$ cat run.pdb   # PDB, C-alpha atoms
MODEL        1
ATOM      1  CA  MET A   1      82.756  71.161  71.517
ATOM      2  CA  PRO A   2      79.432  69.779  72.817
ATOM      3  CA  HIS A   3      76.278  71.815  72.272
ATOM      4  CA  LEU A   4      74.730  72.443  75.682
ATOM      5  CA  VAL A   5      72.360  75.076  74.345
ATOM      6  CA  GLU A   6      70.396  74.610  71.186
ATOM      7  CA  PRO A   7      71.607  76.897  68.370
ATOM      8  CA  ASN A   8      68.150  78.311  67.633
ATOM      9  CA  LEU A   9      67.344  79.277  71.227
ATOM     10  CA  GLN A  10      64.290  81.521  71.311
ATOM     11  CA  PRO A  11      63.922  84.174  74.035
ATOM     12  CA  ARG A  12      60.853  82.527  75.544
ATOM     13  CA  SER A  13      61.687  78.894  74.813
ATOM     14  CA  PRO A  14      61.364  76.396  77.683
ATOM     15  CA  LEU A  15      65.145  75.939  77.801
ATOM     16  CA  CYS A  16      65.733  79.716  78.027
ATOM     17  CA  GLU A  17      63.121  80.022  80.785
ATOM     18  CA  ALA A  18      64.753  77.132  82.668
ATOM     19  CA  LEU A  19      68.219  78.736  82.385
ATOM     20  CA  LEU A  20      66.896  82.077  83.645
ATOM     21  CA  ALA A  21      65.101  80.438  86.558
ATOM     22  CA  GLY A  22      68.139  78.340  87.451
ATOM     23  CA  THR A  23      70.435  81.354  87.339
ATOM     24  CA  ALA A  24      68.044  83.353  89.533
ATOM     25  CA  VAL A  25      67.953  80.529  92.095
ATOM     26  CA  ILE A  26      71.757  80.319  92.201
ATOM     27  CA  VAL A  27      72.169  84.098  92.578
ATOM     28  CA  ILE A  28      69.526  84.324  95.323
ATOM     29  CA  ALA A  29      70.475  81.126  97.135
ATOM     30  CA  CYS A  30      74.219  81.676  96.922
ATOM     31  CA  PRO A  31      75.041  85.377  97.265
ATOM     32  CA  CYS A  32      78.559  84.438  98.319
ATOM     33  CA  ALA A  33      79.338  83.880  94.642
ATOM     34  CA  LEU A  34      78.626  87.553  94.000
ATOM     35  CA  ALA A  35      80.409  88.587  97.192
ATOM     36  CA  LEU A  36      83.529  86.815  95.965
ATOM     37  CA  ALA A  37      83.235  87.924  92.350
ATOM     38  CA  THR A  38      83.433  91.666  93.049
ATOM     39  CA  PRO A  39      86.652  91.643  95.132
ATOM     40  CA  THR A  40      88.203  89.160  92.719
ATOM     41  CA  ALA A  41      87.390  91.389  89.752
ATOM     42  CA  ILE A  42      88.806  94.426  91.575
ATOM     43  CA  MET A  43      92.011  92.559  92.454
ATOM     44  CA  VAL A  44      92.493  91.369  88.886
ATOM     45  CA  GLY A  45      91.719  94.839  87.496
ATOM     46  CA  THR A  46      94.074  96.679  89.845
ATOM     47  CA  GLY A  47      96.755  94.056  89.189
ATOM     48  CA  LYS A  48      96.453  94.560  85.432
ATOM     49  CA  GLY A  49      96.534  98.333  85.974
ATOM     50  CA  ALA A  50      99.693  98.006  88.075
ATOM     51  CA  GLU A  51     101.343  96.038  85.266
ATOM     52  CA  SER A  52     100.704  99.088  83.069
ATOM     53  CA  GLY A  53     101.970 101.535  85.685
ATOM     54  CA  ILE A  54      98.546 102.608  86.986
ATOM     55  CA  LEU A  55      98.525 102.451  90.765
ATOM     56  CA  ILE A  56      95.370 102.749  92.877
ATOM     57  CA  LYS A  57      95.947 103.926  96.436
ATOM     58  CA  SER A  58      92.936 102.310  98.137
ATOM     59  CA  GLY A  59      89.524 100.778  97.652
ATOM     60  CA  ASP A  60      87.938 104.060  98.717
ATOM     61  CA  ALA A  61      89.816 105.875  95.966
ATOM     62  CA  LEU A  62      88.579 103.354  93.429
ATOM     63  CA  GLU A  63      84.983 103.602  94.662
ATOM     64  CA  THR A  64      84.940 107.397  94.373
ATOM     65  CA  ALA A  65      86.722 107.515  91.013
ATOM     66  CA  TYR A  66      83.427 107.767  89.156
ATOM     67  CA  ARG A  67      83.123 111.386  90.394
ATOM     68  CA  ILE A  68      86.381 112.461  88.722
ATOM     69  CA  LYS A  69      85.881 115.410  86.398
ATOM     70  CA  ALA A  70      89.554 116.276  85.763
ATOM     71  CA  ILE A  71      92.975 114.740  86.398
ATOM     72  CA  VAL A  72      96.011 116.836  87.322
ATOM     73  CA  PHE A  73      99.466 115.286  87.085
ATOM     74  CA  ASP A  74     102.125 116.665  89.401
ATOM     75  CA  LYS A  75     105.089 114.411  88.688
ATOM     76  CA  THR A  76     106.835 116.074  85.777
ATOM     77  CA  GLY A  77     108.212 113.580  83.312
ATOM     78  CA  THR A  78     106.039 110.683  84.418
ATOM     79  CA  LEU A  79     103.835 110.952  81.348
ATOM     80  CA  THR A  80     106.389 112.089  78.791
ATOM     81  CA  HIS A  81     109.306 109.863  79.814
ATOM     82  CA  GLY A  82     107.526 107.036  81.611
ATOM     83  CA  LYS A  83     109.393 107.865  84.813
ATOM     84  CA  PRO A  84     109.801 110.954  87.003
ATOM     85  CA  VAL A  85     112.479 113.518  86.133
ATOM     86  CA  VAL A  86     113.629 116.681  87.875
ATOM     87  CA  THR A  87     112.877 119.776  85.829
ATOM     88  CA  GLU A  88     113.458 122.408  88.496
ATOM     89  CA  TYR A  89     113.805 122.790  92.243
ATOM     90  CA  GLU A  90     114.141 125.514  94.813
ATOM     91  CA  ALA A  91     116.684 125.436  97.624
ATOM     92  CA  PHE A  92     115.742 126.430 101.153
ATOM     93  CA  PRO A  93     116.480 130.007 102.185
ATOM     94  CA  GLY A  94     120.121 130.322 103.144
ATOM     95  CA  PHE A  95     121.281 127.548 100.840
ATOM     96  CA  GLY A  96     122.501 127.862  97.289
ATOM     97  CA  SER A  97     121.562 125.302  94.659
ATOM     98  CA  ASP A  98     125.166 124.128  94.451
ATOM     99  CA  GLU A  99     125.128 123.368  98.189
ATOM    100  CA  PHE A 100     121.605 122.029  98.719
ATOM    101  CA  PHE A 101     121.029 119.689  95.788
ATOM    102  CA  PRO A 102     124.177 117.547  96.175
ATOM    103  CA  LEU A 103     123.287 116.925  99.842
ATOM    104  CA  ALA A 104     119.750 115.922  98.893
ATOM    105  CA  ALA A 105     120.931 113.714  96.022
ATOM    106  CA  ALA A 106     123.525 111.984  98.183
ATOM    107  CA  LEU A 107     120.832 111.108 100.721
ATOM    108  CA  GLU A 108     118.355 110.004  98.054
ATOM    109  CA  ARG A 109     120.954 107.682  96.502
ATOM    110  CA  SER A 110     120.267 105.258  99.380
ATOM    111  CA  SER A 111     116.499 105.380  98.824
ATOM    112  CA  GLU A 112     114.478 102.995  96.660
ATOM    113  CA  HIS A 113     111.747 105.538  95.854
ATOM    114  CA  PRO A 114     111.223 106.364  92.141
ATOM    115  CA  LEU A 115     111.466 110.103  92.871
ATOM    116  CA  ALA A 116     114.813 109.487  94.565
ATOM    117  CA  GLU A 117     116.109 107.914  91.353
ATOM    118  CA  ALA A 118     115.101 111.058  89.452
ATOM    119  CA  ILE A 119     116.928 113.290  91.949
ATOM    120  CA  VAL A 120     120.099 111.206  91.802
ATOM    121  CA  GLN A 121     120.000 111.095  87.991
ATOM    122  CA  HIS A 122     119.602 114.867  87.811
ATOM    123  CA  ALA A 123     122.548 115.376  90.172
ATOM    124  CA  ARG A 124     124.750 113.061  88.137
ATOM    125  CA  GLU A 125     123.800 114.838  84.902
ATOM    126  CA  ALA A 126     124.717 118.148  86.563
ATOM    127  CA  GLY A 127     128.119 116.701  87.514
ATOM    128  CA  SER A 128     127.474 116.763  91.279
ATOM    129  CA  GLU A 129     129.695 114.632  93.452
ATOM    130  CA  LEU A 130     127.549 112.431  95.696
ATOM    131  CA  ALA A 131     129.057 112.146  99.161
ATOM    132  CA  GLU A 132     128.800 109.145 101.466
ATOM    133  CA  VAL A 133     125.775 108.949 103.768
ATOM    134  CA  SER A 134     125.728 107.688 107.331
ATOM    135  CA  GLY A 135     122.734 106.947 109.515
ATOM    136  CA  PHE A 136     120.381 106.644 106.536
ATOM    137  CA  ALA A 137     116.799 105.838 107.465
ATOM    138  CA  ALA A 138     113.764 105.575 105.228
ATOM    139  CA  VAL A 139     110.574 106.569 107.024
ATOM    140  CA  PRO A 140     107.879 104.639 105.100
ATOM    141  CA  GLY A 141     105.287 106.940 103.589
ATOM    142  CA  HIS A 142     107.086 110.038 104.852
ATOM    143  CA  GLY A 143     110.627 110.450 103.497
ATOM    144  CA  VAL A 144     114.279 109.864 104.329
ATOM    145  CA  GLU A 145     116.882 111.163 106.753
ATOM    146  CA  GLY A 146     120.596 110.756 107.323
ATOM    147  CA  THR A 147     123.918 112.534 107.669
ATOM    148  CA  VAL A 148     125.820 113.816 104.639
ATOM    149  CA  ARG A 149     129.150 115.645 105.033
ATOM    150  CA  ARG A 150     128.409 116.211 108.737
ATOM    151  CA  HIS A 151     125.016 117.743 107.857
ATOM    152  CA  ARG A 152     121.837 116.135 109.152
ATOM    153  CA  VAL A 153     119.559 116.037 106.107
ATOM    154  CA  VAL A 154     115.818 115.317 106.226
ATOM    155  CA  LEU A 155     113.751 115.090 103.032
ATOM    156  CA  GLY A 156     110.092 114.205 102.944
ATOM    157  CA  ASN A 157     106.505 115.230 103.300
ATOM    158  CA  ARG A 158     104.945 117.667 105.750
ATOM    159  CA  LYS A 159     104.349 114.969 108.378
ATOM    160  CA  LEU A 160     108.067 114.165 108.484
ATOM    161  CA  MET A 161     108.967 117.844 108.635
ATOM    162  CA  ALA A 162     106.479 118.389 111.488
ATOM    163  CA  ARG A 163     107.908 115.400 113.345
ATOM    164  CA  ASP A 164     111.384 116.788 112.895
ATOM    165  CA  ALA A 165     110.288 120.246 114.036
ATOM    166  CA  ARG A 166     109.123 118.662 117.294
ATOM    167  CA  ARG A 167     112.693 117.379 117.675
ATOM    168  CA  ASN A 168     113.894 121.013 117.589
ATOM    169  CA  VAL A 169     115.084 120.818 114.018
ATOM    170  CA  SER A 170     113.819 123.445 111.639
ATOM    171  CA  PRO A 171     112.160 121.800 108.613
ATOM    172  CA  ALA A 172     113.450 124.667 106.455
ATOM    173  CA  ARG A 173     117.136 124.111 107.037
ATOM    174  CA  ILE A 174     119.823 121.485 107.174
ATOM    175  CA  GLU A 175     121.440 121.287 110.559
ATOM    176  CA  GLN A 176     125.219 121.151 111.041
ATOM    177  CA  THR A 177     126.187 118.207 113.268
ATOM    178  CA  GLY A 178     129.321 117.868 115.315
ATOM    179  CA  GLY A 179     132.709 116.807 114.070
TER     180      GLY A 179
ENDMDL
END
$ encode --input "run.pdb" --output "structure tokens"
Amino acid sequence: MPHLVEPNLQPRSPLCEALLAGTAVIVIACPCALALATPTAIMVGTGKGAESGILIKSGDALETAYRIKAIVFDKTGTLTHGKPVVTEYEAFPGFGSDEFFPLAAALERSSEHPLAEAIVQHAREAGSELAEVSGFAAVPGHGVEGTVRRHRVVLGNRKLMARDARRNVSPARIEQTGG
């Protein structure tokens, strides 16, 4: 390996001063190098995090992460098992667990979401029979909907439930369809 810098470089040697001056000129004259370095470092860092299962929602979330004082995990099983698992659930009023959960699991079987896999696995472990689904639709970022055993089933976040409520479907029940 060639020696570009002398081994006994002193802090105020002419070579050290020249390197500092040259670096300062490059940084000042070519700020695009710094403008490219930061996004590149963030992309590489978030990519490495994703390989380890750490997902970052947005650049804003990453920028404000320095203010974090505590972290609360809400996906039971994610830390202990490395993937989400169902530990408990509550059926909507008017539905028993034996009626509600198999409908939800049947619908989630068509979904690719990691939480859907946990729901289906839990249903299978409980011995639930998963019925066929028709009209399945995944609503990106919101949830899923479809028909299971002539019941229109909608599972998702509040935005999906609000959208469905505007369609005259109560978000707190599963609606019987014709047939």
$ resolve_selection --input "run.pdb" --expression "the PyMOL selection byres ((chain A and resi 107) around 8)" --output "number ranges by chain"
A: 103-106, 108-111, 133, 136, 144-148, 153
$ residues_around --input "run.pdb" --residues "A:Leu55" --least-positions-apart "5" --cutoff "12 Å" --atoms "all atoms listed in the file" --output "PyMOL selection string"
chain A and resi 43+45-50+61-62
$ resolve_selection --input "run.pdb" --expression "the PyMOL selection byres ((chain A and resi 130) around 7)" --output "JSON, numbers by chain"
{"A": [102, 105, 106, 128, 129, 131, 132]}
$ resolve_selection --input "run.pdb" --expression "the PyMOL selection byres ((chain A and resi 88) around 12)" --output "list in words"
Lys75, Thr76, Gly77, Val85, Val86, Thr87, Tyr89, Glu90, Ala91, Ser97, Phe101, Ala118, Ile119, His122 and Ala123 of chain A
$ axis_aligned_box --input "run.pdb" --around "stretch 100-119 of chain A" --padding-each-side "4 Å" --output "lines of an AutoDock Vina configuration file"
center_x = 117.7
center_y = 112.5
center_z = 95.1
size_x = 21.0
size_y = 27.0
size_z = 19.3
$ closest_residue --input "run.pdb" --among "A:His113, A:Lys69, A:Arg152, A:Arg158" --to "A:Pro140" --atoms "only C-alpha atoms"
A:His113
$ residues_around --input "run.pdb" --residues "A:Gly143" --least-positions-apart "5" --cutoff "7 Å" --atoms "only C-alpha atoms" --output "ChimeraX atom specification"
/A:138,155-157,160
$ atom_distance --input "run.pdb" --atom1 "atom CA of A:Pro93" --atom2 "atom CA of A:Ala137"
24.7 Å
$ atom_distance --input "run.pdb" --atom1 "atom CA of A:Val72" --atom2 "atom CA of A:Ser58"
18.4 Å
$ atom_distance --input "run.pdb" --atom1 "atom CA of A:Thr23" --atom2 "atom CA of A:Leu36"
16.6 Å
$ closest_residue --input "run.pdb" --among "A:Glu63, A:Glu51, A:Asp98, A:Asp164" --to "A:Ala126" --atoms "all atoms listed in the file"
A:Asp98
$ closest_residue --input "run.pdb" --among "A:Lys159, A:Arg150, A:Lys83, A:Arg166" --to "A:Gln121" --atoms "all atoms listed in the file"
A:Lys83
$ build_atoms --input "run.pdb" --residues "stretch 83-118 of chain A" --atoms "N, CA and C atoms" --output "PDB file, in the coordinates of the input"
ATOM      1  N   LYS A  83     108.841 107.876  83.460  1.00  0.00           N
ATOM      2  CA  LYS A  83     109.393 107.865  84.813  1.00  0.00           C
ATOM      3  C   LYS A  83     109.615 109.314  85.234  1.00  0.00           C
ATOM      4  N   PRO A  84     109.624 109.573  86.540  1.00  0.00           N
ATOM      5  CA  PRO A  84     109.801 110.954  87.003  1.00  0.00           C
ATOM      6  C   PRO A  84     111.178 111.513  86.646  1.00  0.00           C
ATOM      7  N   VAL A  85     111.226 112.807  86.350  1.00  0.00           N
ATOM      8  CA  VAL A  85     112.479 113.518  86.133  1.00  0.00           C
ATOM      9  C   VAL A  85     112.414 114.865  86.851  1.00  0.00           C
ATOM     10  N   VAL A  86     113.557 115.369  87.241  1.00  0.00           N
ATOM     11  CA  VAL A  86     113.629 116.681  87.875  1.00  0.00           C
ATOM     12  C   VAL A  86     113.719 117.727  86.765  1.00  0.00           C
ATOM     13  N   THR A  87     112.824 118.692  86.806  1.00  0.00           N
ATOM     14  CA  THR A  87     112.877 119.776  85.829  1.00  0.00           C
ATOM     15  C   THR A  87     113.328 121.070  86.483  1.00  0.00           C
ATOM     16  N   GLU A  88     112.999 121.242  87.756  1.00  0.00           N
ATOM     17  CA  GLU A  88     113.458 122.408  88.496  1.00  0.00           C
ATOM     18  C   GLU A  88     113.271 122.136  89.983  1.00  0.00           C
ATOM     19  N   TYR A  89     113.947 122.904  90.801  1.00  0.00           N
ATOM     20  CA  TYR A  89     113.805 122.790  92.243  1.00  0.00           C
ATOM     21  C   TYR A  89     114.197 124.123  92.856  1.00  0.00           C
ATOM     22  N   GLU A  90     113.832 124.280  94.109  1.00  0.00           N
ATOM     23  CA  GLU A  90     114.141 125.514  94.813  1.00  0.00           C
ATOM     24  C   GLU A  90     114.796 125.152  96.134  1.00  0.00           C
ATOM     25  N   ALA A  91     115.966 125.705  96.378  1.00  0.00           N
ATOM     26  CA  ALA A  91     116.684 125.436  97.624  1.00  0.00           C
ATOM     27  C   ALA A  91     116.041 126.218  98.762  1.00  0.00           C
ATOM     28  N   PHE A  92     116.227 125.724  99.971  1.00  0.00           N
ATOM     29  CA  PHE A  92     115.742 126.430 101.153  1.00  0.00           C
ATOM     30  C   PHE A  92     116.453 127.759 101.295  1.00  0.00           C
ATOM     31  N   PRO A  93     115.805 128.728 101.938  1.00  0.00           N
ATOM     32  CA  PRO A  93     116.480 130.007 102.185  1.00  0.00           C
ATOM     33  C   PRO A  93     117.797 129.782 102.938  1.00  0.00           C
ATOM     34  N   GLY A  94     118.816 130.465 102.505  1.00  0.00           N
ATOM     35  CA  GLY A  94     120.121 130.322 103.144  1.00  0.00           C
ATOM     36  C   GLY A  94     121.022 129.282 102.506  1.00  0.00           C
ATOM     37  N   PHE A  95     120.495 128.568 101.534  1.00  0.00           N
ATOM     38  CA  PHE A  95     121.281 127.548 100.840  1.00  0.00           C
ATOM     39  C   PHE A  95     121.278 127.838  99.356  1.00  0.00           C
ATOM     40  N   GLY A  96     122.425 127.739  98.738  1.00  0.00           N
ATOM     41  CA  GLY A  96     122.501 127.862  97.289  1.00  0.00           C
ATOM     42  C   GLY A  96     122.223 126.517  96.653  1.00  0.00           C
ATOM     43  N   SER A  97     121.853 126.545  95.378  1.00  0.00           N
ATOM     44  CA  SER A  97     121.562 125.302  94.659  1.00  0.00           C
ATOM     45  C   SER A  97     122.762 124.370  94.651  1.00  0.00           C
ATOM     46  N   ASP A  98     123.956 124.950  94.516  1.00  0.00           N
ATOM     47  CA  ASP A  98     125.166 124.128  94.451  1.00  0.00           C
ATOM     48  C   ASP A  98     125.470 123.466  95.787  1.00  0.00           C
ATOM     49  N   GLU A  99     124.908 123.967  96.869  1.00  0.00           N
ATOM     50  CA  GLU A  99     125.128 123.368  98.189  1.00  0.00           C
ATOM     51  C   GLU A  99     123.996 122.398  98.550  1.00  0.00           C
ATOM     52  N   PHE A 100     122.767 122.809  98.292  1.00  0.00           N
ATOM     53  CA  PHE A 100     121.605 122.029  98.719  1.00  0.00           C
ATOM     54  C   PHE A 100     121.425 120.739  97.924  1.00  0.00           C
ATOM     55  N   PHE A 101     121.392 120.838  96.606  1.00  0.00           N
ATOM     56  CA  PHE A 101     121.029 119.689  95.788  1.00  0.00           C
ATOM     57  C   PHE A 101     121.989 118.507  95.937  1.00  0.00           C
ATOM     58  N   PRO A 102     123.293 118.707  95.981  1.00  0.00           N
ATOM     59  CA  PRO A 102     124.177 117.547  96.175  1.00  0.00           C
ATOM     60  C   PRO A 102     123.950 116.824  97.504  1.00  0.00           C
ATOM     61  N   LEU A 103     123.594 117.571  98.558  1.00  0.00           N
ATOM     62  CA  LEU A 103     123.287 116.925  99.842  1.00  0.00           C
ATOM     63  C   LEU A 103     122.022 116.074  99.713  1.00  0.00           C
ATOM     64  N   ALA A 104     121.010 116.650  99.078  1.00  0.00           N
ATOM     65  CA  ALA A 104     119.750 115.922  98.893  1.00  0.00           C
ATOM     66  C   ALA A 104     119.964 114.684  98.020  1.00  0.00           C
ATOM     67  N   ALA A 105     120.703 114.835  96.938  1.00  0.00           N
ATOM     68  CA  ALA A 105     120.931 113.714  96.022  1.00  0.00           C
ATOM     69  C   ALA A 105     121.744 112.612  96.683  1.00  0.00           C
ATOM     70  N   ALA A 106     122.723 112.993  97.492  1.00  0.00           N
ATOM     71  CA  ALA A 106     123.525 111.984  98.183  1.00  0.00           C
ATOM     72  C   ALA A 106     122.637 111.155  99.110  1.00  0.00           C
ATOM     73  N   LEU A 107     121.744 111.823  99.825  1.00  0.00           N
ATOM     74  CA  LEU A 107     120.832 111.108 100.721  1.00  0.00           C
ATOM     75  C   LEU A 107     119.873 110.226  99.923  1.00  0.00           C
ATOM     76  N   GLU A 108     119.328 110.753  98.852  1.00  0.00           N
ATOM     77  CA  GLU A 108     118.355 110.004  98.054  1.00  0.00           C
ATOM     78  C   GLU A 108     118.978 108.805  97.340  1.00  0.00           C
ATOM     79  N   ARG A 109     120.289 108.813  97.172  1.00  0.00           N
ATOM     80  CA  ARG A 109     120.954 107.682  96.502  1.00  0.00           C
ATOM     81  C   ARG A 109     120.713 106.380  97.264  1.00  0.00           C
ATOM     82  N   SER A 110     120.507 106.460  98.572  1.00  0.00           N
ATOM     83  CA  SER A 110     120.267 105.258  99.380  1.00  0.00           C
ATOM     84  C   SER A 110     118.802 104.836  99.390  1.00  0.00           C
ATOM     85  N   SER A 111     117.932 105.660  98.819  1.00  0.00           N
ATOM     86  CA  SER A 111     116.499 105.380  98.824  1.00  0.00           C
ATOM     87  C   SER A 111     116.098 104.544  97.614  1.00  0.00           C
ATOM     88  N   GLU A 112     115.000 103.810  97.766  1.00  0.00           N
ATOM     89  CA  GLU A 112     114.478 102.995  96.660  1.00  0.00           C
ATOM     90  C   GLU A 112     113.301 103.666  95.963  1.00  0.00           C
ATOM     91  N   HIS A 113     112.926 104.853  96.389  1.00  0.00           N
ATOM     92  CA  HIS A 113     111.747 105.538  95.854  1.00  0.00           C
ATOM     93  C   HIS A 113     112.016 106.010  94.420  1.00  0.00           C
ATOM     94  N   PRO A 114     111.021 105.918  93.527  1.00  0.00           N
ATOM     95  CA  PRO A 114     111.223 106.364  92.141  1.00  0.00           C
ATOM     96  C   PRO A 114     111.606 107.843  92.030  1.00  0.00           C
ATOM     97  N   LEU A 115     111.081 108.692  92.914  1.00  0.00           N
ATOM     98  CA  LEU A 115     111.466 110.103  92.871  1.00  0.00           C
ATOM     99  C   LEU A 115     112.923 110.280  93.276  1.00  0.00           C
ATOM    100  N   ALA A 116     113.408 109.426  94.164  1.00  0.00           N
ATOM    101  CA  ALA A 116     114.813 109.487  94.565  1.00  0.00           C
ATOM    102  C   ALA A 116     115.715 109.198  93.366  1.00  0.00           C
ATOM    103  N   GLU A 117     115.321 108.231  92.551  1.00  0.00           N
ATOM    104  CA  GLU A 117     116.109 107.914  91.353  1.00  0.00           C
ATOM    105  C   GLU A 117     116.207 109.121  90.431  1.00  0.00           C
ATOM    106  N   ALA A 118     115.104 109.865  90.310  1.00  0.00           N
ATOM    107  CA  ALA A 118     115.101 111.058  89.452  1.00  0.00           C
ATOM    108  C   ALA A 118     116.036 112.128  90.016  1.00  0.00           C
TER     109      ALA A 118
END
